[in-house]
$ cat structure29.txt   # compact mmCIF, C-alpha atoms
# COMPACT_ATOMS: atom_id res chain seq x y z
CA MET A 946 11.83 61.54 -17.20
CA THR A 947 9.38 63.07 -19.62
CA SER A 948 9.19 66.82 -20.01
CA THR A 949 6.05 68.84 -19.38
CA ARG A 950 5.74 69.42 -23.11
CA GLU A 951 5.82 65.67 -23.75
CA ARG A 952 3.26 65.00 -21.02
CA ILE A 953 0.93 67.56 -22.57
CA LEU A 954 1.36 66.03 -26.03
CA GLU A 955 0.72 62.53 -24.66
CA SER A 956 -2.51 63.60 -22.93
CA ALA A 957 -3.59 65.65 -25.93
CA LEU A 958 -3.18 62.56 -28.13
CA ASN A 959 -5.39 60.53 -25.78
CA ILE A 960 -8.12 63.08 -25.54
CA PHE A 961 -8.14 64.30 -29.17
CA SER A 962 -8.31 60.72 -30.42
CA ASN A 963 -11.15 59.80 -28.05
CA LYS A 964 -13.31 62.92 -28.29
CA GLY A 965 -12.33 64.48 -31.58
CA TYR A 966 -10.83 67.89 -32.13
CA HIS A 967 -13.89 70.05 -31.54
CA ASP A 968 -15.05 68.39 -28.31
CA THR A 969 -11.63 68.41 -26.67
CA LYS A 970 -11.16 71.05 -23.98
CA LEU A 971 -7.73 72.28 -22.91
CA ASP A 972 -8.90 71.94 -19.30
CA GLU A 973 -9.15 68.18 -19.77
CA ILE A 974 -5.69 68.00 -21.27
CA ALA A 975 -4.35 70.03 -18.35
CA ALA A 976 -6.04 67.69 -15.85
CA GLU A 977 -4.88 64.47 -17.50
CA SER A 978 -1.32 65.67 -17.96
CA GLU A 979 -1.25 67.04 -14.39
CA THR A 980 -0.16 70.40 -15.71
CA SER A 981 -2.18 73.59 -16.04
CA LYS A 982 -3.79 75.60 -18.80
CA GLY A 983 -1.08 78.19 -18.25
CA SER A 984 1.54 75.55 -18.80
CA ILE A 985 -0.18 74.38 -22.01
CA TYR A 986 -0.27 77.97 -23.28
CA PHE A 987 3.42 78.34 -22.44
CA HIS A 988 4.25 75.51 -24.86
CA PHE A 989 1.45 75.91 -27.43
CA PRO A 990 -0.20 79.21 -28.35
CA ASN A 991 -3.62 77.58 -28.82
CA LYS A 992 -5.53 74.32 -29.32
CA GLU A 993 -4.91 74.40 -33.05
CA ARG A 994 -1.12 74.62 -32.63
CA LEU A 995 -1.21 71.83 -30.06
CA PHE A 996 -3.08 69.61 -32.49
CA LEU A 997 -0.72 70.46 -35.36
CA SER A 998 2.24 69.63 -33.10
CA LEU A 999 0.83 66.13 -32.67
CA VAL A 1000 0.68 65.75 -36.44
CA ASP A 1001 4.31 66.87 -36.68
CA GLN A 1002 5.32 64.56 -33.85
CA PHE A 1003 3.82 61.54 -35.59
CA ALA A 1004 5.28 62.50 -38.97
CA ASP A 1005 8.70 62.82 -37.31
CA LEU A 1006 8.34 59.42 -35.66
CA LEU A 1007 7.33 57.87 -38.97
CA GLU A 1008 10.26 59.40 -40.82
CA ARG A 1009 12.73 58.43 -38.06
CA ARG A 1010 11.59 54.82 -38.10
CA VAL A 1011 11.70 54.61 -41.89
CA THR A 1012 15.15 56.15 -42.21
CA ALA A 1013 16.53 54.04 -39.33
CA ALA A 1014 15.20 50.87 -40.98
CA ILE A 1015 16.69 51.56 -44.39
CA GLU A 1016 20.01 53.07 -43.29
CA PRO A 1017 21.85 49.72 -43.00
CA LEU A 1018 20.69 48.73 -46.50
CA PRO A 1019 22.37 49.55 -49.81
CA PRO A 1020 20.49 51.85 -52.22
CA GLY A 1021 17.92 50.13 -54.40
CA MET A 1022 14.52 48.51 -54.28
CA GLY A 1023 15.36 46.67 -51.05
CA ARG A 1024 15.30 50.08 -49.37
CA VAL A 1025 12.02 50.97 -51.01
CA GLN A 1026 10.47 47.74 -49.81
CA VAL A 1027 11.67 48.16 -46.23
CA ALA A 1028 10.53 51.80 -46.22
CA LEU A 1029 7.01 50.74 -47.24
CA GLU A 1030 6.87 47.93 -44.73
CA THR A 1031 8.15 50.11 -41.91
CA CYS A 1032 5.67 52.86 -42.74
CA LEU A 1033 2.73 50.43 -42.70
CA GLN A 1034 3.97 48.71 -39.53
CA THR A 1035 4.23 52.08 -37.81
CA PHE A 1036 0.67 53.01 -38.74
CA GLY A 1037 -0.46 49.57 -37.54
CA LYS A 1038 1.26 50.04 -34.21
CA TYR A 1039 -0.01 53.56 -33.64
CA ARG A 1040 -3.65 53.53 -34.56
CA ARG A 1041 -4.57 56.58 -32.51
CA PRO A 1042 -1.97 58.94 -33.99
CA ALA A 1043 -2.83 57.50 -37.41
CA LYS A 1044 -6.44 58.40 -36.79
CA ILE A 1045 -5.50 61.92 -35.81
CA LEU A 1046 -3.12 62.39 -38.70
CA LEU A 1047 -5.24 60.88 -41.45
CA VAL A 1048 -8.84 61.19 -40.39
CA GLN A 1049 -9.32 64.00 -37.90
CA ALA A 1050 -6.94 66.36 -39.64
CA THR A 1051 -9.18 66.33 -42.69
CA GLY A 1052 -12.03 68.76 -42.63
CA LEU A 1053 -10.79 71.04 -39.91
CA GLY A 1054 -10.09 73.83 -42.36
CA GLN A 1055 -7.19 75.61 -43.97
CA PRO A 1056 -4.27 75.28 -41.45
CA PHE A 1057 -4.96 71.56 -41.10
CA GLU A 1058 -5.21 70.94 -44.84
CA GLN A 1059 -1.98 72.86 -45.25
CA LYS A 1060 -0.22 70.74 -42.63
CA ARG A 1061 -1.56 67.55 -44.19
CA ASN A 1062 -0.32 68.64 -47.62
CA GLU A 1063 3.05 69.55 -46.10
CA VAL A 1064 3.43 66.14 -44.43
CA ASN A 1065 2.20 64.44 -47.58
CA ASP A 1066 4.72 66.25 -49.78
CA ARG A 1067 7.52 65.48 -47.33
CA PHE A 1068 6.89 61.74 -47.55
CA ALA A 1069 6.25 61.87 -51.29
CA ARG A 1070 9.70 63.44 -51.72
CA LEU A 1071 11.22 60.74 -49.53
CA ILE A 1072 9.69 57.98 -51.69
CA ASP A 1073 10.59 59.88 -54.85
CA GLY A 1074 14.24 59.99 -53.73
CA TYR A 1075 14.42 56.26 -52.97
CA LEU A 1076 12.81 55.45 -56.32
CA GLN A 1077 15.31 57.63 -58.18
CA GLU A 1078 18.14 55.81 -56.36
CA ALA A 1079 16.66 52.47 -57.42
CA VAL A 1080 16.44 53.64 -61.03
CA ALA A 1081 20.00 55.02 -60.90
CA ILE A 1082 21.49 51.71 -59.77
CA GLY A 1083 19.40 49.82 -62.34
CA ASP A 1084 17.07 47.92 -60.00
CA ILE A 1085 14.09 49.18 -61.99
CA THR A 1086 13.65 50.90 -65.34
CA ALA A 1087 12.83 54.60 -65.46
CA VAL A 1088 9.47 55.59 -63.99
CA ASP A 1089 7.69 58.90 -63.44
CA SER A 1090 8.89 58.87 -59.83
CA GLU A 1091 6.87 61.93 -58.82
CA VAL A 1092 3.57 60.48 -60.04
CA THR A 1093 4.57 57.12 -58.55
CA ALA A 1094 5.34 58.65 -55.14
CA HIS A 1095 1.98 60.41 -54.95
CA ALA A 1096 0.12 57.35 -56.21
CA TRP A 1097 1.78 55.23 -53.52
CA MET A 1098 1.00 57.75 -50.79
CA GLY A 1099 -2.62 57.79 -51.93
CA ALA A 1100 -2.80 54.01 -51.92
CA ILE A 1101 -1.26 53.80 -48.44
CA TYR A 1102 -3.53 56.53 -47.07
CA ALA A 1103 -6.66 54.93 -48.55
CA LEU A 1104 -5.99 51.58 -46.91
CA VAL A 1105 -4.80 52.95 -43.58
CA ILE A 1106 -7.81 55.29 -43.39
CA ARG A 1107 -10.13 52.39 -44.16
CA TRP A 1108 -8.51 50.36 -41.40
CA VAL A 1109 -8.74 53.23 -38.91
CA TYR A 1110 -12.46 53.65 -39.67
CA THR A 1111 -13.54 50.03 -39.97
CA GLY A 1112 -10.76 47.86 -38.49
CA GLU A 1113 -10.42 46.22 -41.92
CA PRO A 1114 -8.22 45.23 -43.67
CA GLU A 1115 -5.85 44.41 -40.81
CA PRO A 1116 -2.34 45.93 -40.91
CA GLN A 1117 -0.70 42.59 -41.71
CA ARG A 1118 -3.03 41.98 -44.67
CA ILE A 1119 -2.34 45.51 -45.89
CA ILE A 1120 1.40 44.84 -45.70
CA ASP A 1121 1.14 41.41 -47.36
CA SER A 1122 -1.01 42.65 -50.24
CA LEU A 1123 -0.09 46.27 -50.69
CA VAL A 1124 3.71 46.14 -50.55
CA PRO A 1125 4.06 43.57 -53.39
CA LEU A 1126 1.39 45.49 -55.33
CA LEU A 1127 3.31 48.76 -55.06
CA LEU A 1128 6.63 47.11 -55.92
CA ARG A 1129 5.08 45.41 -58.95
CA SER A 1130 3.69 48.79 -60.06
CA VAL A 1131 7.25 49.90 -60.87
CA GLY A 1132 8.08 46.55 -62.44
CA TYR A 1133 9.89 45.09 -59.42
CA VAL A 1134 9.07 41.53 -58.43
CA ASN A 1135 10.94 40.00 -55.50
CA GLU A 1136 8.74 36.99 -54.96
CA PRO A 1137 7.96 33.88 -56.98
CA ILE A 1138 4.83 34.49 -59.04
CA THR A 1139 2.37 31.63 -58.82
CA ASN A 1140 0.27 31.40 -61.94
CA ASN A 1141 -3.12 30.06 -61.01
CA GLN A 1142 -4.47 29.62 -64.52
CA MET B 1273 -35.05 72.06 -72.11
CA THR B 1274 -33.46 71.76 -68.71
CA SER B 1275 -35.62 71.29 -65.65
CA THR B 1276 -35.67 73.72 -62.74
CA ARG B 1277 -33.89 71.11 -60.63
CA GLU B 1278 -31.10 70.85 -63.20
CA ARG B 1279 -30.77 74.64 -63.45
CA ILE B 1280 -30.44 74.83 -59.67
CA LEU B 1281 -27.77 72.11 -59.63
CA GLU B 1282 -25.87 73.80 -62.46
CA SER B 1283 -25.81 77.15 -60.64
CA ALA B 1284 -25.00 75.49 -57.33
CA LEU B 1285 -22.00 73.80 -58.95
CA ASN B 1286 -20.76 77.18 -60.25
CA ILE B 1287 -21.14 78.97 -56.97
CA PHE B 1288 -19.99 76.21 -54.61
CA SER B 1289 -16.86 75.65 -56.67
CA ASN B 1290 -16.03 79.36 -56.78
CA LYS B 1291 -16.85 80.38 -53.22
CA GLY B 1292 -16.64 77.15 -51.26
CA TYR B 1293 -19.41 75.52 -49.29
CA HIS B 1294 -19.56 77.83 -46.31
CA ASP B 1295 -19.56 81.12 -48.22
CA THR B 1296 -22.23 80.07 -50.69
CA LYS B 1297 -25.67 81.57 -50.06
CA LEU B 1298 -28.85 79.99 -51.41
CA ASP B 1299 -29.95 83.48 -52.49
CA GLU B 1300 -27.07 83.60 -54.97
CA ILE B 1301 -27.95 80.19 -56.34
CA ALA B 1302 -31.57 81.30 -56.72
CA ALA B 1303 -30.47 84.45 -58.55
CA GLU B 1304 -28.04 82.71 -60.91
CA SER B 1305 -30.46 79.91 -61.73
CA GLU B 1306 -33.31 82.40 -62.19
CA THR B 1307 -35.41 80.48 -59.75
CA SER B 1308 -36.32 81.32 -56.15
CA LYS B 1309 -35.35 80.18 -52.69
CA GLY B 1310 -38.80 78.59 -52.42
CA SER B 1311 -38.09 76.65 -55.55
CA ILE B 1312 -34.69 75.49 -54.23
CA TYR B 1313 -36.32 74.33 -51.00
CA PHE B 1314 -38.97 72.49 -53.03
CA HIS B 1315 -36.21 70.35 -54.60
CA PHE B 1316 -33.65 70.26 -51.79
CA PRO B 1317 -34.50 70.43 -48.08
CA ASN B 1318 -31.37 72.47 -47.27
CA LYS B 1319 -27.95 73.61 -48.47
CA GLU B 1320 -26.31 70.41 -47.24
CA ARG B 1321 -28.67 68.19 -49.26
CA LEU B 1322 -28.15 70.37 -52.33
CA PHE B 1323 -24.40 69.97 -52.02
CA LEU B 1324 -24.66 66.21 -51.49
CA SER B 1325 -26.88 65.98 -54.59
CA LEU B 1326 -24.04 67.52 -56.60
CA VAL B 1327 -21.69 64.85 -55.31
CA ASP B 1328 -24.20 62.17 -56.31
CA GLN B 1329 -24.70 63.77 -59.70
CA PHE B 1330 -20.98 63.70 -60.45
CA ALA B 1331 -20.58 60.15 -59.15
CA ASP B 1332 -23.48 59.09 -61.41
CA LEU B 1333 -21.91 60.82 -64.40
CA LEU B 1334 -18.58 59.15 -63.69
CA GLU B 1335 -20.14 55.71 -63.37
CA ARG B 1336 -22.27 56.21 -66.52
CA ARG B 1337 -19.25 57.20 -68.58
CA VAL B 1338 -17.14 54.33 -67.28
CA THR B 1339 -19.80 51.67 -67.85
CA ALA B 1340 -20.65 53.06 -71.32
CA ALA B 1341 -16.97 52.96 -72.29
CA ILE B 1342 -16.38 49.38 -71.20
CA GLU B 1343 -19.72 47.87 -72.29
CA PRO B 1344 -18.61 47.13 -75.88
CA LEU B 1345 -15.47 45.37 -74.60
CA PRO B 1346 -15.13 41.73 -73.56
CA PRO B 1347 -14.38 41.04 -69.87
CA GLY B 1348 -10.73 41.24 -68.90
CA MET B 1349 -7.93 43.70 -68.35
CA GLY B 1350 -8.89 45.68 -71.47
CA ARG B 1351 -12.01 46.71 -69.55
CA VAL B 1352 -10.01 47.60 -66.48
CA GLN B 1353 -7.68 49.78 -68.55
CA VAL B 1354 -10.52 51.61 -70.31
CA ALA B 1355 -12.33 52.10 -67.01
CA LEU B 1356 -9.26 53.75 -65.49
CA GLU B 1357 -8.64 55.94 -68.54
CA THR B 1358 -12.28 57.02 -68.71
CA CYS B 1359 -12.36 57.84 -65.02
CA LEU B 1360 -9.23 60.01 -65.27
CA GLN B 1361 -10.43 61.67 -68.49
CA THR B 1362 -13.73 62.53 -66.81
CA PHE B 1363 -11.99 64.12 -63.83
CA GLY B 1364 -9.76 66.02 -66.27
CA LYS B 1365 -12.76 67.32 -68.20
CA TYR B 1366 -14.72 68.33 -65.10
CA ARG B 1367 -12.31 70.06 -62.80
CA ARG B 1368 -14.96 71.95 -60.87
CA PRO B 1369 -17.07 68.94 -59.93
CA ALA B 1370 -13.85 67.07 -59.17
CA LYS B 1371 -12.90 69.87 -56.82
CA ILE B 1372 -16.25 69.70 -55.08
CA LEU B 1373 -16.26 65.94 -54.85
CA LEU B 1374 -12.67 65.43 -53.75
CA VAL B 1375 -11.58 68.58 -52.01
CA GLN B 1376 -14.52 70.53 -50.66
CA ALA B 1377 -16.42 67.47 -49.49
CA THR B 1378 -13.57 66.69 -47.10
CA GLY B 1379 -13.74 68.43 -43.78
CA LEU B 1380 -17.37 69.46 -43.84
CA GLY B 1381 -18.26 66.97 -41.16
CA GLN B 1382 -20.11 63.71 -40.73
CA PRO B 1383 -22.74 63.69 -43.53
CA PHE B 1384 -20.11 64.68 -46.08
CA GLU B 1385 -17.59 62.11 -44.89
CA GLN B 1386 -20.33 59.51 -45.05
CA LYS B 1387 -21.24 60.46 -48.61
CA ARG B 1388 -17.59 60.40 -49.64
CA ASN B 1389 -17.12 56.95 -48.11
CA GLU B 1390 -20.30 55.80 -49.85
CA VAL B 1391 -19.12 57.04 -53.26
CA ASN B 1392 -15.66 55.64 -52.60
CA ASP B 1393 -17.01 52.19 -51.71
CA ARG B 1394 -19.27 52.23 -54.78
CA PHE B 1395 -16.32 52.77 -57.13
CA ALA B 1396 -14.09 50.39 -55.20
CA ARG B 1397 -16.71 47.66 -55.69
CA LEU B 1398 -16.87 48.50 -59.40
CA ILE B 1399 -13.09 48.10 -59.76
CA ASP B 1400 -13.13 45.01 -57.56
CA GLY B 1401 -15.71 43.42 -59.89
CA TYR B 1402 -13.71 44.16 -63.05
CA LEU B 1403 -10.56 42.79 -61.45
CA GLN B 1404 -12.32 39.58 -60.43
CA GLU B 1405 -13.57 39.19 -64.02
CA ALA B 1406 -10.01 39.64 -65.28
CA VAL B 1407 -8.74 37.02 -62.84
CA ALA B 1408 -11.59 34.65 -63.77
CA ILE B 1409 -10.77 34.73 -67.49
CA GLY B 1410 -7.06 34.36 -66.74
CA ASP B 1411 -5.83 37.80 -67.85
CA ILE B 1412 -4.04 38.20 -64.51
CA THR B 1413 -3.18 35.86 -61.67
CA ALA B 1414 -5.13 36.04 -58.41
CA VAL B 1415 -4.81 39.29 -56.47
CA ASP B 1416 -6.37 40.64 -53.29
CA SER B 1417 -8.92 42.53 -55.40
CA GLU B 1418 -10.41 44.39 -52.44
CA VAL B 1419 -7.07 45.78 -51.28
CA THR B 1420 -6.16 46.49 -54.90
CA ALA B 1421 -9.40 48.38 -55.55
CA HIS B 1422 -8.92 50.62 -52.51
CA ALA B 1423 -5.25 51.15 -53.31
CA TRP B 1424 -6.15 52.22 -56.85
CA MET B 1425 -8.89 54.58 -55.64
CA GLY B 1426 -6.40 56.13 -53.22
CA ALA B 1427 -3.80 56.55 -55.95
CA ILE B 1428 -6.31 58.13 -58.33
CA TYR B 1429 -7.67 60.45 -55.62
CA ALA B 1430 -4.20 61.53 -54.56
CA LEU B 1431 -3.18 62.58 -58.06
CA VAL B 1432 -6.50 64.16 -59.02
CA ILE B 1433 -6.60 66.11 -55.74
CA ARG B 1434 -3.05 67.30 -56.35
CA TRP B 1435 -4.00 68.44 -59.84
CA VAL B 1436 -7.13 70.20 -58.58
CA TYR B 1437 -5.07 72.08 -55.96
CA THR B 1438 -1.94 72.87 -57.96
CA GLY B 1439 -2.74 72.28 -61.66
CA GLU B 1440 0.01 69.64 -61.68
CA PRO B 1441 0.47 66.95 -62.89
CA GLU B 1442 -1.76 67.55 -65.92
CA PRO B 1443 -4.53 65.04 -66.60
CA GLN B 1444 -2.76 63.62 -69.66
CA ARG B 1445 0.43 63.00 -67.69
CA ILE B 1446 -1.61 61.37 -64.93
CA ILE B 1447 -3.23 59.08 -67.51
CA ASP B 1448 0.06 58.28 -69.24
CA SER B 1449 1.93 57.47 -66.02
CA LEU B 1450 -0.73 56.24 -63.63
CA VAL B 1451 -2.70 53.83 -65.83
CA PRO B 1452 0.33 51.69 -66.78
CA LEU B 1453 1.50 51.85 -63.14
CA LEU B 1454 -1.82 50.54 -61.84
CA LEU B 1455 -2.01 47.83 -64.51
CA ARG B 1456 1.54 46.73 -63.73
CA SER B 1457 0.63 46.58 -60.04
CA VAL B 1458 -1.54 43.52 -60.77
CA GLY B 1459 1.09 42.06 -63.09
CA TYR B 1460 -0.50 43.20 -66.34
CA VAL B 1461 1.75 44.76 -68.94
CA ASN B 1462 0.23 45.83 -72.23
CA GLU B 1463 3.15 47.83 -73.53
CA PRO B 1464 6.65 47.00 -74.60
CA ILE B 1465 8.99 47.45 -71.63
CA THR B 1466 12.15 49.34 -72.49
CA ASN B 1467 15.00 48.38 -70.26
CA ASN B 1468 17.23 51.38 -69.80
CA GLN B 1469 19.98 49.67 -67.83
$ encode --input "structure29.txt" --output "structure tokens"
Amino acid sequence: MTSTRERILESALNIFSNKGYHDTKLDEIAAESETSKGSIYFHFPNKERLFLSLVDQFADLLERRVTAAIEPLPPGMGRVQVALETCLQTFGKYRRPAKILLVQATGLGQPFEQKRNEVNDRFARLIDGYLQEAVAIGDITAVDSEVTAHAWMGAIYALVIRWVYTGEPEPQRIIDSLVPLLLRSVGYVNEPITNNQ
Amino acid sequence: MTSTRERILESALNIFSNKGYHDTKLDEIAAESETSKGSIYFHFPNKERLFLSLVDQFADLLERRVTAAIEPLPPGMGRVQVALETCLQTFGKYRRPAKILLVQATGLGQPFEQKRNEVNDRFARLIDGYLQEAVAIGDITAVDSEVTAHAWMGAIYALVIRWVYTGEPEPQRIIDSLVPLLLRSVGYVNEPITNNQ
């Protein structure tokens, strides 16, 4: 049984991702979630907070999936690889939340930029930590893990945003090309290199 | 002697980057450039077009500097490296235009997003072309140059945006860490690797 709060979030995700932030009315969310405006206001002080809660919800989901996927693995670059793959798979599976998180949240002003930066820093720290582990156990040589983490986030964002906008490149192509590219960028190669010269 | 149009763009850059897009008034730009609102409207139909012209101006500058820097070099990864360094140096030298191009242009709505995507695609194609050259002459093995180009743009954006917002990491650190990282990501290593294991 889903709670009222969850029903509201689910409907809000539908309507925000179809109509955009500005054109979404709380009345529509109330109707679709079979709740009421009063009930929405009980859980979320305003439309802005409701939207930001969706961003948080997706960031939480992403982090949960990544940490669950790497937990059984020993520290090292295997973890980094699985974290990247899981992150990209999750975006691929949830195009609408990805659109809200990465596209719509840009350009809505200060509180949204702040939330985006907060989520961004949270994942950058996660990557940074895994990279430092991999360096510590000797899987890769020392790297500027902070710069690397932000570079990777930027690379992931750029490709996921492009996919959300245009449908290209497809999630599987992003995973197949981007994950080896990012791993190589810290000097880690886990696949046979075919020299085509 | 600078033209009226150039004086207007120069003042617009100052005022937009200090006050932000929404709080900038054309009257202030007219006053600082010692022109008139009539004269601004003669060159730019409205505030939005004036702002977008600044984005174009900076993108043109960036492309001019990159192509001038690589022109004397033979095709190959040397060109790619110099293109990346020149791009990052140019951002480092022009923090205010970088701020306008990368930060303020986000979240102003459709025409701005479109311009940003246009500039982004233009530079992605530039990188894509250099990478294909480098593959063709055998400097690197085949890569998905389109995915690589967008990943690199995303990585560069992420770090430059971070620097514009927070002052960290400094442009020289970005160049020192990010350029080798990006080159390694396509399997190109131009520096001795020190193994610290």
$ residues_around --input "structure29.txt" --residues "range 1388-1395 of chain B" --least-positions-apart "2" --cutoff "10 Å" --atoms "only C-alpha atoms" --output "PDB file with C-alpha atoms, in the coordinates of the input"
ATOM      1  CA  ALA A1103      -6.660  54.930 -48.550  1.00  0.00           C
ATOM      2  CA  ARG A1107     -10.130  52.390 -44.160  1.00  0.00           C
TER       3      ARG A1107
ATOM      4  CA  LEU B1324     -24.660  66.210 -51.490  1.00  0.00           C
ATOM      5  CA  VAL B1327     -21.690  64.850 -55.310  1.00  0.00           C
ATOM      6  CA  ASP B1328     -24.200  62.170 -56.310  1.00  0.00           C
ATOM      7  CA  PHE B1330     -20.980  63.700 -60.450  1.00  0.00           C
ATOM      8  CA  ALA B1331     -20.580  60.150 -59.150  1.00  0.00           C
ATOM      9  CA  ASP B1332     -23.480  59.090 -61.410  1.00  0.00           C
ATOM     10  CA  LEU B1334     -18.580  59.150 -63.690  1.00  0.00           C
ATOM     11  CA  GLU B1335     -20.140  55.710 -63.370  1.00  0.00           C
ATOM     12  CA  LEU B1373     -16.260  65.940 -54.850  1.00  0.00           C
ATOM     13  CA  LEU B1374     -12.670  65.430 -53.750  1.00  0.00           C
ATOM     14  CA  ALA B1377     -16.420  67.470 -49.490  1.00  0.00           C
ATOM     15  CA  THR B1378     -13.570  66.690 -47.100  1.00  0.00           C
ATOM     16  CA  GLN B1382     -20.110  63.710 -40.730  1.00  0.00           C
ATOM     17  CA  PRO B1383     -22.740  63.690 -43.530  1.00  0.00           C
ATOM     18  CA  PHE B1384     -20.110  64.680 -46.080  1.00  0.00           C
ATOM     19  CA  GLU B1385     -17.590  62.110 -44.890  1.00  0.00           C
ATOM     20  CA  GLN B1386     -20.330  59.510 -45.050  1.00  0.00           C
ATOM     21  CA  ARG B1397     -16.710  47.660 -55.690  1.00  0.00           C
ATOM     22  CA  LEU B1398     -16.870  48.500 -59.400  1.00  0.00           C
ATOM     23  CA  ILE B1399     -13.090  48.100 -59.760  1.00  0.00           C
ATOM     24  CA  ASP B1400     -13.130  45.010 -57.560  1.00  0.00           C
ATOM     25  CA  GLY B1401     -15.710  43.420 -59.890  1.00  0.00           C
ATOM     26  CA  ALA B1421      -9.400  48.380 -55.550  1.00  0.00           C
ATOM     27  CA  HIS B1422      -8.920  50.620 -52.510  1.00  0.00           C
ATOM     28  CA  MET B1425      -8.890  54.580 -55.640  1.00  0.00           C
ATOM     29  CA  GLY B1426      -6.400  56.130 -53.220  1.00  0.00           C
ATOM     30  CA  TYR B1429      -7.670  60.450 -55.620  1.00  0.00           C
TER      31      TYR B1429
END
$ residues_around --input "structure29.txt" --residues "range 1311-1323 of chain B" --least-positions-apart "4" --cutoff "8 Å" --atoms "only C-alpha atoms" --output "list of chain:residue names"
B:Arg1277, B:Ile1280, B:Leu1281, B:Ala1284, B:Tyr1293, B:Leu1298, B:Ala1302, B:Thr1307, B:Val1327
$ interface_residues --input "structure29.txt" --of "chain B" --to "chain A" --cutoff "9 Å" --atoms "all atoms listed in the file" --output "MDAnalysis selection string"
chainID B and resid 1376:1381 1385 1407:1416 1419:1420 1422:1431 1434 1441 1445:1446 1449:1450 1452:1459 1465:1469
$ atom_distance --input "structure29.txt" --atom1 "CA of Glu1442 in chain B" --atom2 "CA of Ser1289 in chain B"
19.5 Å
$ atom_distance --input "structure29.txt" --atom1 "CA of Gln1329 in chain B" --atom2 "CA of Pro1344 in chain B"
24.0 Å
$ residues_near_point --input "structure29.txt" --point "(-7.6, 42.8, -66.4)" --cutoff "6 Å" --atoms "only C-alpha atoms" --output "PDB file with C-alpha atoms, keeping the file's coordinate frame"
ATOM      1  CA  GLY B1348     -10.730  41.240 -68.900  1.00  0.00           C
ATOM      2  CA  MET B1349      -7.930  43.700 -68.350  1.00  0.00           C
ATOM      3  CA  GLY B1350      -8.890  45.680 -71.470  1.00  0.00           C
ATOM      4  CA  VAL B1352     -10.010  47.600 -66.480  1.00  0.00           C
ATOM      5  CA  LEU B1403     -10.560  42.790 -61.450  1.00  0.00           C
ATOM      6  CA  ALA B1406     -10.010  39.640 -65.280  1.00  0.00           C
ATOM      7  CA  ASP B1411      -5.830  37.800 -67.850  1.00  0.00           C
TER       8      ASP B1411
END
$ atom_distance --input "structure29.txt" --atom1 "CA of Gly1292 in chain B" --atom2 "CA of Lys1371 in chain B"
9.9 Å
$ residues_near_point --input "structure29.txt" --point "(-7.0, 57.0, -23.2)" --cutoff "12 Å" --atoms "only C-alpha atoms" --output "list of chain:residue names"
A:Glu955, A:Ser956, A:Ala957, A:Leu958, A:Asn959, A:Ile960, A:Phe961, A:Ser962, A:Asn963, A:Lys964, A:Glu973, A:Ile974, A:Glu977, A:Ser978, A:Arg1041
$ decode --input "structure29.txt" --residues "range 970-982 of chain A" --atoms "C-alpha atoms" --output "compact mmCIF listing (two decimals), in the first residue's frame"
# COMPACT_ATOMS: atom_id res chain seq x y z
CA LYS A 970 -0.89 23.05 -11.52
CA LEU A 971 -1.25 21.54 -8.06
CA ASP A 972 -4.93 20.96 -8.86
CA GLU A 973 -3.92 18.48 -11.56
CA ILE A 974 -1.60 16.66 -9.21
CA ALA A 975 -4.38 16.49 -6.63
CA ALA A 976 -6.80 15.09 -9.23
CA GLU A 977 -4.40 12.48 -10.61
CA SER A 978 -3.26 11.31 -7.20
CA GLU A 979 -6.88 11.24 -5.95
CA THR A 980 -5.91 13.42 -3.03
CA SER A 981 -6.63 17.10 -2.48
CA LYS A 982 -4.75 20.37 -2.58
